[in-house]
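Listing of target.pdb; format and content: PDB, C-alpha atoms.
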```pdb
ATOM      1  CA  MET A   1      46.158  90.102 140.922
ATOM      2  CA  ASN A   2      49.762  89.012 140.345
ATOM      3  CA  SER A   3      50.875  91.825 138.062
ATOM      4  CA  ASN A   4      52.390  95.290 137.854
ATOM      5  CA  VAL A   5      49.956  98.190 137.473
ATOM      6  CA  VAL A   6      50.711 101.745 136.321
ATOM      7  CA  VAL A   7      47.872 104.280 136.386
ATOM      8  CA  LYS A   8      48.061 107.693 134.695
ATOM      9  CA  PRO A   9      45.426 110.439 134.400
ATOM     10  CA  SER A  10      45.048 110.344 130.609
ATOM     11  CA  ALA A  11      45.583 108.128 127.568
ATOM     12  CA  GLU A  12      48.387 110.390 126.363
ATOM     13  CA  GLU A  13      50.227 109.960 129.670
ATOM     14  CA  VAL A  14      49.636 106.200 129.520
ATOM     15  CA  ALA A  15      51.216 106.068 126.065
ATOM     16  CA  THR A  16      54.177 108.145 127.243
ATOM     17  CA  ALA A  17      54.763 106.005 130.339
ATOM     18  CA  ALA A  18      54.441 102.810 128.309
ATOM     19  CA  CYS A  19      56.873 104.208 125.744
ATOM     20  CA  PHE A  20      59.570 104.820 128.355
ATOM     21  CA  TRP A  21      58.921 101.379 129.854
ATOM     22  CA  LEU A  22      59.205  99.760 126.403
ATOM     23  CA  ILE A  23      62.448 101.545 125.583
ATOM     24  CA  ASP A  24      63.964 100.359 128.880
ATOM     25  CA  ALA A  25      62.788  96.798 128.205
ATOM     26  CA  VAL A  26      64.158  96.851 124.650
ATOM     27  CA  ARG A  27      67.488  98.281 125.782
ATOM     28  CA  GLU A  28      67.830  95.682 128.542
ATOM     29  CA  THR A  29      66.942  92.814 126.201
ATOM     30  CA  ILE A  30      69.414  93.949 123.534
ATOM     31  CA  GLU A  31      72.155  94.189 126.155
ATOM     32  CA  GLN A  32      71.385  90.644 127.284
ATOM     33  CA  SER A  33      70.812  88.884 123.963
ATOM     34  CA  GLY A  34      71.803  91.251 121.180
ATOM     35  CA  ARG A  35      68.258  91.824 119.894
ATOM     36  CA  CYS A  36      64.644  92.203 120.986
ATOM     37  CA  VAL A  37      61.422  90.738 119.518
ATOM     38  CA  VAL A  38      58.258  92.776 120.115
ATOM     39  CA  ALA A  39      54.694  91.806 119.174
ATOM     40  CA  LEU A  40      52.557  94.850 118.409
ATOM     41  CA  SER A  41      48.939  95.657 119.155
ATOM     42  CA  GLY A  42      46.436  97.735 117.266
ATOM     43  CA  GLY A  43      44.325 100.380 118.941
ATOM     44  CA  SER A  44      44.422 104.084 119.715
ATOM     45  CA  THR A  45      46.720 103.985 122.750
ATOM     46  CA  PRO A  46      49.359 101.783 121.077
ATOM     47  CA  LYS A  47      49.166 104.131 118.090
ATOM     48  CA  LYS A  48      50.040 107.028 120.395
ATOM     49  CA  LEU A  49      52.971 105.004 121.736
ATOM     50  CA  TYR A  50      54.290 104.337 118.219
ATOM     51  CA  GLU A  51      53.914 107.995 117.302
ATOM     52  CA  ILE A  52      55.866 109.027 120.404
ATOM     53  CA  ILE A  53      58.678 106.643 119.466
ATOM     54  CA  ALA A  54      58.803 108.045 115.937
ATOM     55  CA  ARG A  55      58.673 111.644 117.128
ATOM     56  CA  ASP A  56      61.025 111.552 120.109
ATOM     57  CA  HIS A  57      62.884 108.273 120.486
ATOM     58  CA  LEU A  58      64.339 107.062 117.193
ATOM     59  CA  THR A  59      67.804 107.413 118.728
ATOM     60  CA  ALA A  60      66.927 105.892 122.116
ATOM     61  CA  VAL A  61      68.135 102.421 121.115
ATOM     62  CA  ASP A  62      69.535 100.738 118.019
ATOM     63  CA  TRP A  63      66.167  99.914 116.473
ATOM     64  CA  SER A  64      67.850  97.819 113.774
ATOM     65  CA  LYS A  65      68.235  95.179 116.500
ATOM     66  CA  VAL A  66      64.483  95.160 117.148
ATOM     67  CA  HIS A  67      62.136  92.752 115.339
ATOM     68  CA  LEU A  68      58.463  93.719 115.133
ATOM     69  CA  LEU A  69      55.748  91.090 114.833
ATOM     70  CA  TRP A  70      51.992  91.681 114.730
ATOM     71  CA  GLY A  71      50.000  90.166 117.576
ATOM     72  CA  ASP A  72      46.867  90.238 115.460
ATOM     73  CA  GLU A  73      45.580  91.605 112.190
ATOM     74  CA  ARG A  74      42.305  92.275 110.400
ATOM     75  CA  ASN A  75      41.685  90.194 107.288
ATOM     76  CA  VAL A  76      41.914  93.229 105.018
ATOM     77  CA  PRO A  77      44.524  94.464 102.509
ATOM     78  CA  HIS A  78      47.504  96.374 103.861
ATOM     79  CA  ASP A  79      46.210  99.643 102.425
ATOM     80  CA  HIS A  80      42.788  99.289 104.095
ATOM     81  CA  SER A  81      41.906 101.846 106.752
ATOM     82  CA  GLU A  82      41.307  99.068 109.325
ATOM     83  CA  SER A  83      44.694  97.409 108.783
ATOM     84  CA  ASN A  84      46.860  97.219 111.890
ATOM     85  CA  TYR A  85      49.887  97.125 109.610
ATOM     86  CA  LEU A  86      48.891 100.393 107.947
ATOM     87  CA  MET A  87      48.463 102.030 111.350
ATOM     88  CA  VAL A  88      51.927 100.963 112.526
ATOM     89  CA  LYS A  89      53.465 101.820 109.177
ATOM     90  CA  THR A  90      52.048 105.332 109.248
ATOM     91  CA  ALA A  91      52.738 105.989 112.934
ATOM     92  CA  TRP A  92      56.228 104.494 113.260
ATOM     93  CA  ILE A  93      57.788 102.698 110.315
ATOM     94  CA  ASP A  94      57.432 105.411 107.667
ATOM     95  CA  PRO A  95      58.959 108.116 109.898
ATOM     96  CA  ALA A  96      61.812 105.754 110.781
ATOM     97  CA  ILE A  97      62.504 104.994 107.120
ATOM     98  CA  ALA A  98      62.339 108.709 106.309
ATOM     99  CA  SER A  99      65.215 109.251 108.736
ATOM    100  CA  ALA A 100      67.445 107.393 106.226
ATOM    101  CA  GLN A 101      69.523 105.988 109.087
ATOM    102  CA  ALA A 102      69.649 102.219 109.392
ATOM    103  CA  GLU A 103      69.940 102.167 113.177
ATOM    104  CA  LYS A 104      66.564 103.937 113.447
ATOM    105  CA  ILE A 105      64.655 101.376 111.368
ATOM    106  CA  PRO A 106      63.299  98.233 113.074
ATOM    107  CA  ASN A 107      62.934  94.933 111.274
ATOM    108  CA  PHE A 108      59.228  94.356 110.688
ATOM    109  CA  TYR A 109      57.156  91.378 109.609
ATOM    110  CA  PRO A 110      53.568  92.256 108.646
ATOM    111  CA  VAL A 111      50.972  89.527 108.279
ATOM    112  CA  PRO A 112      50.840  88.613 104.543
ATOM    113  CA  ILE A 113      47.162  89.090 103.815
ATOM    114  CA  GLU A 114      45.251  86.919 101.336
ATOM    115  CA  VAL A 115      41.668  87.876 102.075
ATOM    116  CA  HIS A 116      40.158  84.710 100.583
ATOM    117  CA  ASP A 117      42.538  82.295 102.325
ATOM    118  CA  PRO A 118      43.043  83.335 105.962
ATOM    119  CA  GLU A 119      43.989  79.796 107.025
ATOM    120  CA  LYS A 120      46.922  79.838 104.596
ATOM    121  CA  VAL A 121      47.972  83.252 105.893
ATOM    122  CA  ALA A 122      47.837  82.055 109.499
ATOM    123  CA  TYR A 123      50.038  79.081 108.672
ATOM    124  CA  GLN A 124      52.528  81.270 106.818
ATOM    125  CA  TYR A 125      52.725  83.794 109.609
ATOM    126  CA  GLY A 126      53.174  81.049 112.170
ATOM    127  CA  GLN A 127      56.210  79.990 110.156
ATOM    128  CA  THR A 128      57.445  83.586 110.133
ATOM    129  CA  ILE A 129      57.122  83.826 113.908
ATOM    130  CA  ARG A 130      59.106  80.623 114.363
ATOM    131  CA  SER A 131      61.768  81.891 111.966
ATOM    132  CA  VAL A 132      62.085  85.212 113.795
ATOM    133  CA  LEU A 133      62.273  83.568 117.201
ATOM    134  CA  GLY A 134      64.869  81.052 116.038
ATOM    135  CA  GLN A 135      66.252  79.249 119.079
ATOM    136  CA  SER A 136      64.319  81.433 121.525
ATOM    137  CA  PRO A 137      61.133  79.847 122.891
ATOM    138  CA  SER A 138      59.446  83.166 123.566
ATOM    139  CA  ILE A 139      58.748  86.692 122.369
ATOM    140  CA  ASP A 140      60.481  89.336 124.471
ATOM    141  CA  VAL A 141      57.580  91.821 124.710
ATOM    142  CA  VAL A 142      53.918  91.423 123.742
ATOM    143  CA  LEU A 143      51.746  94.553 123.649
ATOM    144  CA  LEU A 144      48.009  94.029 124.080
ATOM    145  CA  GLY A 145      44.798  96.019 124.255
ATOM    146  CA  LEU A 146      41.506  95.170 125.940
ATOM    147  CA  GLY A 147      38.125  95.353 124.236
ATOM    148  CA  ASP A 148      34.886  96.402 125.874
ATOM    149  CA  ASP A 149      33.884  92.718 125.670
ATOM    150  CA  ALA A 150      37.129  91.649 127.408
ATOM    151  CA  HIS A 151      38.742  90.336 124.222
ATOM    152  CA  THR A 152      42.443  90.849 123.637
ATOM    153  CA  ALA A 153      44.478  90.528 120.440
ATOM    154  CA  SER A 154      41.782  88.944 118.232
ATOM    155  CA  LEU A 155      40.774  86.401 120.850
ATOM    156  CA  PHE A 156      37.059  87.120 120.964
ATOM    157  CA  PRO A 157      34.463  85.585 123.290
ATOM    158  CA  GLU A 158      33.272  82.101 122.366
ATOM    159  CA  THR A 159      35.526  81.734 119.322
ATOM    160  CA  GLN A 160      37.608  78.726 118.336
ATOM    161  CA  ALA A 161      40.969  80.434 118.819
ATOM    162  CA  LEU A 162      40.434  80.332 122.578
ATOM    163  CA  GLU A 163      40.977  76.570 122.495
ATOM    164  CA  SER A 164      43.952  76.590 120.131
ATOM    165  CA  VAL A 165      47.474  75.718 121.204
ATOM    166  CA  ASP A 166      48.933  76.785 117.852
ATOM    167  CA  GLY A 167      50.948  79.980 117.790
ATOM    168  CA  PHE A 168      48.982  81.943 115.197
ATOM    169  CA  VAL A 169      45.534  81.169 113.829
ATOM    170  CA  ALA A 170      42.700  82.396 111.623
ATOM    171  CA  ASN A 171      39.833  83.051 114.017
ATOM    172  CA  TYR A 172      36.285  83.395 112.666
ATOM    173  CA  VAL A 173      34.388  86.037 114.648
ATOM    174  CA  PRO A 174      30.611  85.669 114.142
ATOM    175  CA  LYS A 175      29.690  89.170 115.281
ATOM    176  CA  PHE A 176      31.857  90.598 112.495
ATOM    177  CA  GLU A 177      31.052  87.779 110.049
ATOM    178  CA  SER A 178      34.736  87.742 109.188
ATOM    179  CA  PHE A 179      38.081  86.246 110.096
ATOM    180  CA  ARG A 180      40.690  87.821 112.310
ATOM    181  CA  LEU A 181      44.304  86.637 112.399
ATOM    182  CA  THR A 182      45.767  86.333 115.858
ATOM    183  CA  MET A 183      48.404  85.024 118.203
ATOM    184  CA  THR A 184      46.929  82.533 120.631
ATOM    185  CA  ALA A 185      46.983  82.709 124.408
ATOM    186  CA  SER A 186      49.485  79.849 124.528
ATOM    187  CA  LEU A 187      52.042  81.844 122.504
ATOM    188  CA  ILE A 188      51.384  85.097 124.369
ATOM    189  CA  ASN A 189      51.771  83.365 127.733
ATOM    190  CA  ARG A 190      55.271  82.222 126.817
ATOM    191  CA  ALA A 191      56.417  85.842 126.444
ATOM    192  CA  LYS A 192      58.986  87.346 128.776
ATOM    193  CA  ARG A 193      56.890  90.476 129.242
ATOM    194  CA  VAL A 194      53.199  91.018 128.450
ATOM    195  CA  VAL A 195      51.850  94.564 128.574
ATOM    196  CA  PHE A 196      48.205  95.644 128.454
ATOM    197  CA  LEU A 197      47.414  99.230 127.445
ATOM    198  CA  VAL A 198      43.864 100.060 128.571
ATOM    199  CA  CYS A 199      42.259 103.508 128.401
ATOM    200  CA  GLY A 200      38.786 104.944 128.643
ATOM    201  CA  GLN A 201      35.692 104.657 130.827
ATOM    202  CA  SER A 202      34.179 102.084 128.435
ATOM    203  CA  LYS A 203      36.929  99.618 129.403
ATOM    204  CA  GLU A 204      36.248  99.762 133.155
ATOM    205  CA  PRO A 205      33.636  96.941 133.252
ATOM    206  CA  ALA A 206      35.823  94.660 131.138
ATOM    207  CA  LEU A 207      38.885  95.313 133.257
ATOM    208  CA  ASP A 208      36.888  94.725 136.427
ATOM    209  CA  VAL A 209      35.711  91.300 135.268
ATOM    210  CA  VAL A 210      39.164  90.314 133.975
ATOM    211  CA  TRP A 211      40.740  91.163 137.306
ATOM    212  CA  HIS A 212      38.009  90.126 139.715
ATOM    213  CA  GLY A 213      35.819  87.598 137.918
ATOM    214  CA  PRO A 214      33.676  85.661 137.643
ATOM    215  CA  ARG A 215      36.283  83.572 135.872
ATOM    216  CA  ASP A 216      35.006  82.410 132.502
ATOM    217  CA  PRO A 217      37.699  82.744 129.795
ATOM    218  CA  LYS A 218      35.274  81.686 127.076
ATOM    219  CA  LEU A 219      33.274  84.829 127.795
ATOM    220  CA  TYR A 220      36.196  86.997 128.956
ATOM    221  CA  PRO A 221      39.195  85.921 126.855
ATOM    222  CA  ALA A 222      41.692  88.328 128.429
ATOM    223  CA  GLN A 223      41.469  86.138 131.538
ATOM    224  CA  LEU A 224      43.529  83.600 129.587
ATOM    225  CA  ILE A 225      46.576  85.871 129.643
ATOM    226  CA  ASN A 226      48.846  84.927 132.498
ATOM    227  CA  PRO A 227      52.514  84.539 131.521
ATOM    228  CA  ALA A 228      53.878  81.334 132.984
ATOM    229  CA  GLU A 229      57.316  82.729 133.772
ATOM    230  CA  GLY A 230      57.238  86.272 132.409
ATOM    231  CA  GLU A 231      56.077  89.632 133.706
ATOM    232  CA  LEU A 232      52.523  90.958 133.332
ATOM    233  CA  TRP A 233      52.039  94.733 133.178
ATOM    234  CA  TRP A 234      48.956  96.923 133.003
ATOM    235  CA  PHE A 235      49.185 100.561 131.887
ATOM    236  CA  LEU A 236      45.831 102.257 132.544
ATOM    237  CA  ASP A 237      44.292 105.684 132.561
ATOM    238  CA  THR A 238      42.193 106.644 135.579
ATOM    239  CA  PRO A 239      38.803 106.237 133.841
ATOM    240  CA  ALA A 240      39.585 102.597 133.009
ATOM    241  CA  LEU A 241      40.528 101.694 136.588
ATOM    242  CA  PRO A 242      37.800  99.612 138.301
ATOM    243  CA  THR A 243      36.054 101.498 141.094
ATOM    244  CA  ARG A 244      36.938  98.876 143.680
ATOM    245  CA  ASP A 245      40.654  99.328 142.942
ATOM    246  CA  ARG A 246      40.810 103.110 143.074
ATOM    247  CA  VAL A 247      41.609 103.330 146.766
ATOM    248  CA  ASN A 248      44.673 101.095 146.387
ATOM    249  CA  LEU A 249      45.876 101.970 142.901
ATOM    250  CA  GLY A 250      44.361 105.299 141.905
TER     251      GLY A 250
END
```
Now that the file is in, can you turn its structure into structure tokens?
Amino acid sequence: MNSNVVVKPSAEEVATAACFWLIDAVRETIEQSGRCVVALSGGSTPKKLYEIIARDHLTAVDWSKVHLLWGDERNVPHDHSESNYLMVKTAWIDPAIASAQAEKIPNFYPVPIEVHDPEKVAYQYGQTIRSVLGQSPSIDVVLLGLGDDAHTASLFPETQALESVDGFVANYVPKFESFRLTMTASLINRAKRVVFLVCGQSKEPALDVVWHGPRDPKLYPAQLINPAEGELWWFLDTPALPTRDRVNLG
């Protein structure tokens, strides 16, 4: 397992540790290149992280030099309760805007939803990603979750997006009978830092198979994530840690 692993007792402590790590990474990247591009994840633990930033760390860095992309999105309107954009907006962006101080407000690029034309949306957002990255070949930080079925972003088992080398695609997920919009493994693996946030006992079997196999990325898509030149981090709570790893990492 060629990665960095941080284990904390609870999801709240995972979010706090990941928040401090992210702030350090953002600060370092801004010092090196003048800005930082972060791809966001949905999920309860990332939401806690965003809330902690908004509550305690709006002055930690110059957030106006940070550019927020969405790693994946549900094919629902922005005001829908399942929208990843709405979650981030409520947890982080709205409090930052309410501060009325430009240096506290990140640049953000939500996925432009058109429910009846997800392929068009995927193409448009791929263009947005390329525009934001400019001359850079890679995103600075990608935040990811892990599903009970070992999916990550919206790369679900046995779906077409697993084979795609495009940056951002509309991925039909049969078990939901709907499309999801997602960055592909090829784009994620070009990132400088990839960070998984994984909490809860229900995630332990998925994490065990991602780490230890059997290797079958079609069934366990998170196995596809292995940054070619970047760092891979795992922030876990104790219940999510596979039993076989508890002696060494717990």
Write out, as JSON lines, each residue of range 89-172 of chain A that has an atom at most 12 Å from range 44-54 of chain A, together with the closest pair of atoms and their distance in Å to one decimal, counting all atoms listed in the file, rows going by chain and rising number.
```
{"residue": "A:Lys89", "atom": "CA", "partner": "A:Tyr50", "partner_atom": "CA", "distance": 9.4}
{"residue": "A:Thr90", "atom": "CA", "partner": "A:Glu51", "partner_atom": "CA", "distance": 8.7}
{"residue": "A:Ala91", "atom": "CA", "partner": "A:Glu51", "partner_atom": "CA", "distance": 4.9}
{"residue": "A:Trp92", "atom": "CA", "partner": "A:Ala54", "partner_atom": "CA", "distance": 5.1}
{"residue": "A:Ile93", "atom": "CA", "partner": "A:Ala54", "partner_atom": "CA", "distance": 7.8}
{"residue": "A:Asp94", "atom": "CA", "partner": "A:Ala54", "partner_atom": "CA", "distance": 8.8}
{"residue": "A:Pro95", "atom": "CA", "partner": "A:Ala54", "partner_atom": "CA", "distance": 6.0}
{"residue": "A:Ala96", "atom": "CA", "partner": "A:Ala54", "partner_atom": "CA", "distance": 6.4}
{"residue": "A:Ile97", "atom": "CA", "partner": "A:Ala54", "partner_atom": "CA", "distance": 10.0}
{"residue": "A:Ala98", "atom": "CA", "partner": "A:Ala54", "partner_atom": "CA", "distance": 10.3}
{"residue": "A:Ser99", "atom": "CA", "partner": "A:Ala54", "partner_atom": "CA", "distance": 9.7}
{"residue": "A:Lys104", "atom": "CA", "partner": "A:Ala54", "partner_atom": "CA", "distance": 9.1}
{"residue": "A:Ile105", "atom": "CA", "partner": "A:Ala54", "partner_atom": "CA", "distance": 10.0}
{"residue": "A:Pro106", "atom": "CA", "partner": "A:Ala54", "partner_atom": "CA", "distance": 11.2}
{"residue": "A:Val142", "atom": "CA", "partner": "A:Pro46", "partner_atom": "CA", "distance": 11.6}
{"residue": "A:Leu143", "atom": "CA", "partner": "A:Pro46", "partner_atom": "CA", "distance": 8.0}
{"residue": "A:Leu144", "atom": "CA", "partner": "A:Pro46", "partner_atom": "CA", "distance": 8.4}
{"residue": "A:Gly145", "atom": "CA", "partner": "A:Pro46", "partner_atom": "CA", "distance": 8.0}
{"residue": "A:Leu146", "atom": "CA", "partner": "A:Thr45", "partner_atom": "CA", "distance": 10.7}
{"residue": "A:Gly147", "atom": "CA", "partner": "A:Ser44", "partner_atom": "CA", "distance": 11.7}
```
Can I get the selected residues back with C-alpha atoms, as an mmCIF file, in the frame of the given file?
```
data_model
loop_
_atom_site.group_PDB
_atom_site.id
_atom_site.type_symbol
_atom_site.label_atom_id
_atom_site.label_comp_id
_atom_site.auth_asym_id
_atom_site.auth_seq_id
_atom_site.Cartn_x
_atom_site.Cartn_y
_atom_site.Cartn_z
ATOM 1 C CA LYS A 89 53.465 101.820 109.177
ATOM 2 C CA THR A 90 52.048 105.332 109.248
ATOM 3 C CA ALA A 91 52.738 105.989 112.934
ATOM 4 C CA TRP A 92 56.228 104.494 113.260
ATOM 5 C CA ILE A 93 57.788 102.698 110.315
ATOM 6 C CA ASP A 94 57.432 105.411 107.667
ATOM 7 C CA PRO A 95 58.959 108.116 109.898
ATOM 8 C CA ALA A 96 61.812 105.754 110.781
ATOM 9 C CA ILE A 97 62.504 104.994 107.120
ATOM 10 C CA ALA A 98 62.339 108.709 106.309
ATOM 11 C CA SER A 99 65.215 109.251 108.736
ATOM 12 C CA LYS A 104 66.564 103.937 113.447
ATOM 13 C CA ILE A 105 64.655 101.376 111.368
ATOM 14 C CA PRO A 106 63.299 98.233 113.074
ATOM 15 C CA VAL A 142 53.918 91.423 123.742
ATOM 16 C CA LEU A 143 51.746 94.553 123.649
ATOM 17 C CA LEU A 144 48.009 94.029 124.080
ATOM 18 C CA GLY A 145 44.798 96.019 124.255
ATOM 19 C CA LEU A 146 41.506 95.170 125.940
ATOM 20 C CA GLY A 147 38.125 95.353 124.236
#
```
| message | Applying the PyMOL selection byres ((chain A and resi 22) around 12) to the file I just gave you, which residues come out? Please list them as a ChimeraX atom specification. | response | /A:14-21,23-29,36-40,46,49-50,52-53,57,60-61,66,140-143,193-197,233,235
| Atom-to-atom span, CA of Leu162 in chain A and CA of Leu236 in chain A, Å | 24.7 Å
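Minimum distance to Gly230 in chain A across A:Ile139, A:Leu133, A:Ala11, A:Leu69 (counting all atoms listed in the file) occurs at A:Ile139.
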| Got a sec to resolve the PyMOL selection byres ((chain A and resi 170-177) around 8) on this structure and send the residues as a PyMOL selection string? | chain A and resi 118-119+121-122+154-156+159-161+168-169+178-182
Range 32-114 of chain A dumped to file, C-alpha atoms, as a short mmCIF file (atom, residue, chain, number, x, y, z; two decimals), in the first residue's frame:
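Final file, decode.cif:
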```cif
data_model
loop_
_atom_site.label_atom_id
_atom_site.label_comp_id
_atom_site.auth_asym_id
_atom_site.auth_seq_id
_atom_site.Cartn_x
_atom_site.Cartn_y
_atom_site.Cartn_z
CA GLN A 32 4.77 27.82 -5.11
CA SER A 33 2.45 28.77 -7.97
CA GLY A 34 0.29 31.66 -6.83
CA ARG A 35 -2.96 29.66 -6.70
CA CYS A 36 -4.42 26.26 -5.87
CA VAL A 37 -7.03 24.14 -7.71
CA VAL A 38 -9.07 21.77 -5.53
CA ALA A 39 -11.63 19.20 -6.70
CA LEU A 40 -14.35 18.64 -4.12
CA SER A 41 -16.19 15.53 -3.01
CA GLY A 42 -19.70 15.06 -1.74
CA GLY A 43 -20.47 13.08 1.39
CA SER A 44 -20.90 13.62 5.11
CA THR A 45 -17.22 13.76 6.10
CA PRO A 46 -16.26 16.27 3.38
CA LYS A 47 -19.28 18.32 4.45
CA LYS A 48 -17.86 18.44 7.98
CA LEU A 49 -14.53 19.57 6.54
CA TYR A 50 -16.17 22.40 4.58
CA GLU A 51 -18.13 23.48 7.64
CA ILE A 52 -14.94 23.58 9.71
CA ILE A 53 -13.27 25.77 7.09
CA ALA A 54 -16.24 28.15 7.07
CA ARG A 55 -16.45 28.25 10.86
CA ASP A 56 -12.79 28.47 11.83
CA HIS A 57 -10.45 28.97 8.89
CA LEU A 58 -11.70 31.66 6.51
CA THR A 59 -8.57 33.67 7.34
CA ALA A 60 -6.13 30.74 7.21
CA VAL A 61 -5.16 31.43 3.59
CA ASP A 62 -6.15 33.85 0.84
CA TRP A 63 -9.09 31.80 -0.43
CA SER A 64 -9.50 34.14 -3.41
CA LYS A 65 -6.48 32.31 -4.85
CA VAL A 66 -8.24 28.95 -4.55
CA HIS A 67 -10.31 27.49 -7.41
CA LEU A 68 -12.94 24.90 -6.51
CA LEU A 69 -14.04 22.26 -9.00
CA TRP A 70 -16.53 19.45 -8.41
CA GLY A 71 -15.17 15.93 -8.72
CA ASP A 72 -18.65 14.61 -9.37
CA GLU A 73 -22.25 15.70 -9.30
CA ARG A 74 -25.75 14.23 -9.27
CA ASN A 75 -27.85 14.94 -12.35
CA VAL A 76 -30.28 17.10 -10.38
CA PRO A 77 -30.94 20.86 -10.23
CA HIS A 78 -28.69 22.96 -8.01
CA ASP A 79 -31.48 23.50 -5.49
CA HIS A 80 -32.18 19.76 -5.12
CA SER A 81 -31.45 18.20 -1.74
CA GLU A 82 -29.09 15.64 -3.35
CA SER A 83 -26.99 18.25 -5.16
CA ASN A 84 -23.32 18.23 -4.23
CA TYR A 85 -23.18 21.89 -5.23
CA LEU A 86 -25.96 22.78 -2.79
CA MET A 87 -24.14 20.96 0.00
CA VAL A 88 -20.88 22.83 -0.62
CA LYS A 89 -22.71 26.11 -1.11
CA THR A 90 -24.51 25.78 2.21
CA ALA A 91 -21.53 24.46 4.18
CA TRP A 92 -18.76 26.71 2.84
CA ILE A 93 -19.51 29.15 0.04
CA ASP A 94 -22.48 30.97 1.58
CA PRO A 95 -20.68 31.61 4.89
CA ALA A 96 -17.63 32.85 2.96
CA ILE A 97 -19.73 35.23 0.88
CA ALA A 98 -21.50 36.43 4.03
CA SER A 99 -18.12 37.53 5.38
CA ALA A 100 -18.13 40.25 2.67
CA GLN A 101 -14.34 40.01 2.39
CA ALA A 102 -12.96 39.04 -1.00
CA GLU A 103 -9.94 37.18 0.36
CA LYS A 104 -12.27 34.75 2.17
CA ILE A 105 -14.23 33.75 -0.94
CA PRO A 106 -12.87 30.98 -3.19
CA ASN A 107 -13.49 30.89 -6.92
CA PHE A 108 -15.98 28.11 -7.59
CA TYR A 109 -17.18 26.33 -10.71
CA PRO A 110 -20.30 24.20 -10.18
CA VAL A 111 -21.35 21.67 -12.79
CA PRO A 112 -23.96 23.40 -15.03
CA ILE A 113 -26.84 20.97 -14.78
CA GLU A 114 -29.22 20.29 -17.68
#
```
